[in-house]
2 protein chains.
Amino acid sequence: MARHPTISDAEWDVMEVLWAAGAPLMANDVVDRVGKANQWSPRTVKSLLNRLVKKSALDFEAEGKRYLYFPTVSRAECVRSRSKSFVASVFGGAVGPMLAHFVNEAPLTPDEIRELKEMLERRERKGR
Amino acid sequence: MARHPTISDAEWDVMEVLWAAGAPLMANDVVDRVGKANQWSPRTVKSLLNRLVKKSALDFEAEGKRYLYFPTVSRAECVRSRSKSFVASVFGGAVGPMLAHFVNEAPLTPDEIRELKEMLERRERKGR
DNA sequence: GCTCTTCGATTACAGTTGTAATAGATTACG
DNA sequence: CGTAATCTATTACAACTGTAATCGAAGAGC
């Protein structure tokens with residue numbers, strides 16, 4: 001049933017780079033982009049790439065000696081499935097209470113609040 | 001900085017029982033309430049209780065031979081911190097986009113939508 | 001008092017994760 | 001060619017997780 005591979009936090013950062021790139025990247029490109037922020041050794045990034053390939057979240061094509069890595073799953077799908085398991089584990093699967101929690105507790109700018117209200121209204125009009 | 005202990009998924013289920021109970025419970029009570037749903041061996045539940053004590057998410061007082069367990073951290077605090085790390089890892093810490101994601105994608109009843117709009121309006125009026 | 005039952009405490013063990021180091025293959029340089 | 005540099009693949013290893021089993025002490029029954 002778990003249609004999408006389970007992607008850990010560290011792995012997620014690697015995926016983000018590839019999703020953002022929009023095109024296949026060599027390991028070193030990924031190292032540069034993700035390593036900067038996270039202070040990871042290149043080895044570490046390579047390991048993560050490997051695991052992600054093993055998990056089938058990434059695939060690659062060889063370009064000479066190097067590999068060009070690219071995602072096999074969309075960011076949207078992955079966001080959906082992580083979100084789902086988060087809501088399941090903390091809010092018992094109920095999205096309503098979860099949203100309520102954030103709407104009440106999270107820092108939101110007035111603009112964001114307006115925007116959210118609009119989204120809700122659009123949804124209301126379109127009927128679920 | 002991590003003010004609250006990291007509580008894993010399985011551990012969370014145990015915490016839920018104790019938060020819901022509102023009063024200290026014996027291990028066997030927890031076993032009954034959580035084991036039913038999860039199909040866990042009593043051993044497993046005891047282990048989780050132990051780990052949670054070690055993590056200081058629970059404490060206990062001895063009542064004769066048995067222990068009465070109770071949470072040392074509130075559910076609200078824990079929800080906040082799990083939520084925070086979820087938002088951080090998937091939405092880069094930005095709550096707005098996260099809410100947008102759910103408002104657009106999640107199944108919401110018309111009632112929930114109305115309710116959320118009201119919450120947002122209350123917030124608007126009270127000014128952040 | 002001795003034995004069986006009940007608890008909590010300690011130990012187990014495999015899978016995942018974070019974080020790399022080492023080994024092997026291939027290429028580029030001299 | 002031989003050697004160094006560069007990739008990927010394999011291996012490492014401790015902490016955390018899920019899921020228990022075993023050990024030891026304390027009380028309950030006989």
# chains A, B, ... in the order shown; residues from 1 in each chain; ligands from 1
call {"tool": "closest_atom_pairs", "arguments": {"of": "chain D", "to": "chain B", "cutoff": "12 Å", "atoms": "only C-alpha atoms (C1' of nucleotides)", "output": "tab-separated table"}}
result
residue	atom	partner	partner_atom	distance
D:DC16	C1'	B:Ser8	CA	8.9
D:DT17	C1'	B:Ser8	CA	7.5
D:DG18	C1'	B:Ala10	CA	7.6
D:DT19	C1'	B:Thr44	CA	6.0
D:DA20	C1'	B:Thr44	CA	6.0
D:DA21	C1'	B:Arg43	CA	8.4
D:DT22	C1'	B:Arg43	CA	11.2
D:DA25	C1'	B:Lys65	CA	10.1
D:DA26	C1'	B:Lys65	CA	7.4
D:DG27	C1'	B:Lys65	CA	8.3
call {"tool": "write_last_selection", "arguments": {"atoms": "N, CA and C atoms (P, O5', C5', C4', C3', O3' and C1' of nucleotides)", "output": "PDB file, in the first residue's frame"}}
result
ATOM      1  P    DC D  16      19.892   7.924  20.426  1.00  0.00           P
ATOM      2  O5'  DC D  16      18.914   7.306  19.328  1.00  0.00           O
ATOM      3  C5'  DC D  16      18.706   8.034  18.116  1.00  0.00           C
ATOM      4  C4'  DC D  16      17.575   7.369  17.383  1.00  0.00           C
ATOM      5  C3'  DC D  16      16.367   7.055  18.270  1.00  0.00           C
ATOM      6  O3'  DC D  16      15.229   7.283  17.450  1.00  0.00           O
ATOM      7  C1'  DC D  16      17.130   5.084  17.309  1.00  0.00           C
ATOM      8  P    DT D  17      13.740   7.447  17.994  1.00  0.00           P
ATOM      9  O5'  DT D  17      13.004   6.454  16.960  1.00  0.00           O
ATOM     10  C5'  DT D  17      13.650   5.284  16.595  1.00  0.00           C
ATOM     11  C4'  DT D  17      12.720   4.346  15.872  1.00  0.00           C
ATOM     12  C3'  DT D  17      11.469   3.943  16.656  1.00  0.00           C
ATOM     13  O3'  DT D  17      10.378   3.801  15.756  1.00  0.00           O
ATOM     14  C1'  DT D  17      12.944   2.073  16.382  1.00  0.00           C
ATOM     15  P    DG D  18       8.929   3.360  16.424  1.00  0.00           P
ATOM     16  O5'  DG D  18       8.900   1.785  16.132  1.00  0.00           O
ATOM     17  C5'  DG D  18       9.058   1.319  14.803  1.00  0.00           C
ATOM     18  C4'  DG D  18       8.971  -0.196  14.791  1.00  0.00           C
ATOM     19  C3'  DG D  18       7.810  -0.793  15.586  1.00  0.00           C
ATOM     20  O3'  DG D  18       7.287  -1.875  14.816  1.00  0.00           O
ATOM     21  C1'  DG D  18       9.846  -1.665  16.401  1.00  0.00           C
ATOM     22  P    DT D  19       6.023  -2.684  15.322  1.00  0.00           P
ATOM     23  O5'  DT D  19       6.668  -3.856  16.194  1.00  0.00           O
ATOM     24  C5'  DT D  19       7.371  -4.915  15.578  1.00  0.00           C
ATOM     25  C4'  DT D  19       7.962  -5.789  16.663  1.00  0.00           C
ATOM     26  C3'  DT D  19       6.978  -6.130  17.801  1.00  0.00           C
ATOM     27  O3'  DT D  19       6.692  -7.510  17.823  1.00  0.00           O
ATOM     28  C1'  DT D  19       9.139  -5.644  18.598  1.00  0.00           C
ATOM     29  P    DA D  20       5.492  -8.081  18.790  1.00  0.00           P
ATOM     30  O5'  DA D  20       5.896  -8.527  20.168  1.00  0.00           O
ATOM     31  C5'  DA D  20       6.802  -8.480  21.098  1.00  0.00           C
ATOM     32  C4'  DA D  20       8.052  -9.284  20.899  1.00  0.00           C
ATOM     33  C3'  DA D  20       8.214 -10.252  22.044  1.00  0.00           C
ATOM     34  O3'  DA D  20       8.530 -11.541  21.614  1.00  0.00           O
ATOM     35  C1'  DA D  20      10.067  -8.716  21.934  1.00  0.00           C
ATOM     36  P    DA D  21       8.131 -12.724  22.638  1.00  0.00           P
ATOM     37  O5'  DA D  21       9.558 -13.092  23.280  1.00  0.00           O
ATOM     38  C5'  DA D  21      10.669 -13.299  22.425  1.00  0.00           C
ATOM     39  C4'  DA D  21      11.920 -13.591  23.249  1.00  0.00           C
ATOM     40  C3'  DA D  21      11.702 -14.558  24.410  1.00  0.00           C
ATOM     41  O3'  DA D  21      12.923 -15.274  24.615  1.00  0.00           O
ATOM     42  C1'  DA D  21      12.366 -12.480  25.266  1.00  0.00           C
ATOM     43  P    DT D  22      13.027 -16.346  25.818  1.00  0.00           P
ATOM     44  O5'  DT D  22      13.901 -15.607  26.930  1.00  0.00           O
ATOM     45  C5'  DT D  22      15.287 -15.399  26.681  1.00  0.00           C
ATOM     46  C4'  DT D  22      15.929 -14.699  27.872  1.00  0.00           C
ATOM     47  C3'  DT D  22      15.859 -15.473  29.193  1.00  0.00           C
ATOM     48  O3'  DT D  22      17.055 -15.182  29.922  1.00  0.00           O
ATOM     49  C1'  DT D  22      14.864 -13.399  29.489  1.00  0.00           C
ATOM     50  P    DA D  25      17.762 -10.682  42.421  1.00  0.00           P
ATOM     51  O5'  DA D  25      16.574  -9.811  43.034  1.00  0.00           O
ATOM     52  C5'  DA D  25      16.296  -8.507  42.514  1.00  0.00           C
ATOM     53  C4'  DA D  25      14.878  -8.117  42.917  1.00  0.00           C
ATOM     54  C3'  DA D  25      14.512  -8.504  44.347  1.00  0.00           C
ATOM     55  O3'  DA D  25      13.600  -7.529  44.835  1.00  0.00           O
ATOM     56  C1'  DA D  25      13.076  -9.609  42.863  1.00  0.00           C
ATOM     57  P    DA D  26      13.228  -7.458  46.422  1.00  0.00           P
ATOM     58  O5'  DA D  26      11.746  -6.874  46.396  1.00  0.00           O
ATOM     59  C5'  DA D  26      11.053  -6.728  45.154  1.00  0.00           C
ATOM     60  C4'  DA D  26       9.624  -7.205  45.327  1.00  0.00           C
ATOM     61  C3'  DA D  26       9.244  -7.557  46.762  1.00  0.00           C
ATOM     62  O3'  DA D  26       7.914  -7.115  46.954  1.00  0.00           O
ATOM     63  C1'  DA D  26       8.904  -9.427  45.392  1.00  0.00           C
ATOM     64  P    DG D  27       7.232  -7.156  48.454  1.00  0.00           P
ATOM     65  O5'  DG D  27       5.901  -7.942  48.146  1.00  0.00           O
ATOM     66  C5'  DG D  27       5.196  -7.612  46.961  1.00  0.00           C
ATOM     67  C4'  DG D  27       4.268  -8.732  46.595  1.00  0.00           C
ATOM     68  C3'  DG D  27       3.380  -9.224  47.739  1.00  0.00           C
ATOM     69  O3'  DG D  27       2.059  -9.227  47.201  1.00  0.00           O
ATOM     70  C1'  DG D  27       4.526 -11.040  46.734  1.00  0.00           C
TER      71       DG D  27
END
call {"tool": "interface_residues", "arguments": {"of": "chain B", "to": "chain A", "cutoff": "7 Å", "atoms": "only C-alpha atoms", "output": "PyMOL selection string"}}
result
chain B and resi 9+79+89-90+95-96+99-100+103+106+108+110+112-113+116-117+120+124
call {"tool": "write_last_selection", "arguments": {"atoms": "N, CA and C atoms", "output": "CSV table (one decimal), in the first residue's frame"}}
result
chain,number,residue,atom,x,y,z
B,9,ASP,N,7.0,7.2,16.7
B,9,ASP,CA,5.6,6.9,16.4
B,9,ASP,C,4.9,5.9,17.4
B,79,VAL,N,2.8,18.1,20.4
B,79,VAL,CA,2.2,18.4,19.1
B,79,VAL,C,2.9,19.5,18.4
B,89,SER,N,10.9,20.1,7.9
B,89,SER,CA,11.5,19.2,7.0
B,89,SER,C,10.9,19.2,5.6
B,90,VAL,N,9.6,19.3,5.6
B,90,VAL,CA,8.9,19.2,4.3
B,90,VAL,C,8.6,20.6,3.6
B,95,VAL,N,5.0,27.9,7.4
B,95,VAL,CA,3.7,27.3,7.7
B,95,VAL,C,2.7,27.7,6.6
B,96,GLY,N,2.8,28.9,6.1
B,96,GLY,CA,1.8,29.3,5.1
B,96,GLY,C,1.7,28.3,3.9
B,99,LEU,N,0.0,25.1,5.0
B,99,LEU,CA,-1.4,25.2,5.2
B,99,LEU,C,-2.1,25.3,3.8
B,100,ALA,N,-1.5,26.0,2.9
B,100,ALA,CA,-2.1,26.1,1.6
B,100,ALA,C,-2.2,24.7,1.0
B,103,VAL,N,-5.1,22.9,2.6
B,103,VAL,CA,-6.4,23.6,2.3
B,103,VAL,C,-6.8,23.2,0.9
B,106,ALA,N,-6.5,18.5,1.0
B,106,ALA,CA,-7.1,17.6,1.9
B,106,ALA,C,-8.6,17.5,1.8
B,108,LEU,N,-12.0,18.0,3.2
B,108,LEU,CA,-12.5,18.8,4.3
B,108,LEU,C,-14.0,18.9,4.1
B,110,PRO,N,-17.7,20.8,4.5
B,110,PRO,CA,-18.1,22.2,4.4
B,110,PRO,C,-18.1,22.8,5.8
B,112,GLU,N,-16.1,22.0,8.3
B,112,GLU,CA,-14.7,22.3,8.7
B,112,GLU,C,-14.2,23.6,7.9
B,113,ILE,N,-14.6,23.7,6.7
B,113,ILE,CA,-14.2,24.9,5.9
B,113,ILE,C,-14.7,26.1,6.6
B,116,LEU,N,-12.8,26.8,9.8
B,116,LEU,CA,-11.5,27.4,9.6
B,116,LEU,C,-11.6,28.8,9.2
B,117,LYS,N,-12.5,29.1,8.3
B,117,LYS,CA,-12.6,30.6,7.9
B,117,LYS,C,-12.9,31.4,9.2
B,120,LEU,N,-9.8,32.0,11.1
B,120,LEU,CA,-8.9,32.9,10.4
B,120,LEU,C,-9.5,34.4,10.6
B,124,GLU,N,-7.7,37.5,12.4
B,124,GLU,CA,-7.5,38.8,11.7
B,124,GLU,C,-8.0,39.9,12.6
call {"tool": "select_by_dssp", "arguments": {"residues": "chain B", "states": "strand (DSSP E)", "output": "list in words"}}
result
Leu25, Met26, Leu58, Asp59, Phe60, Glu61, Ala62, Glu63, Arg66, Tyr67, Leu68, Tyr69, Phe70 and Pro71 of chain B
call {"tool": "closest_atom_pairs", "arguments": {"of": "chain C", "to": "chain B", "cutoff": "12 Å", "atoms": "only C-alpha atoms (C1' of nucleotides)", "output": "CSV"}}
result
residue,atom,partner,partner_atom,distance
C:DT6,C1',B:Lys65,CA,9.0
C:DC7,C1',B:Arg66,CA,6.5
C:DG8,C1',B:Arg66,CA,8.0
C:DA9,C1',B:Asn50,CA,9.0
C:DT10,C1',B:Ser47,CA,10.6
C:DT11,C1',B:Ser47,CA,11.5
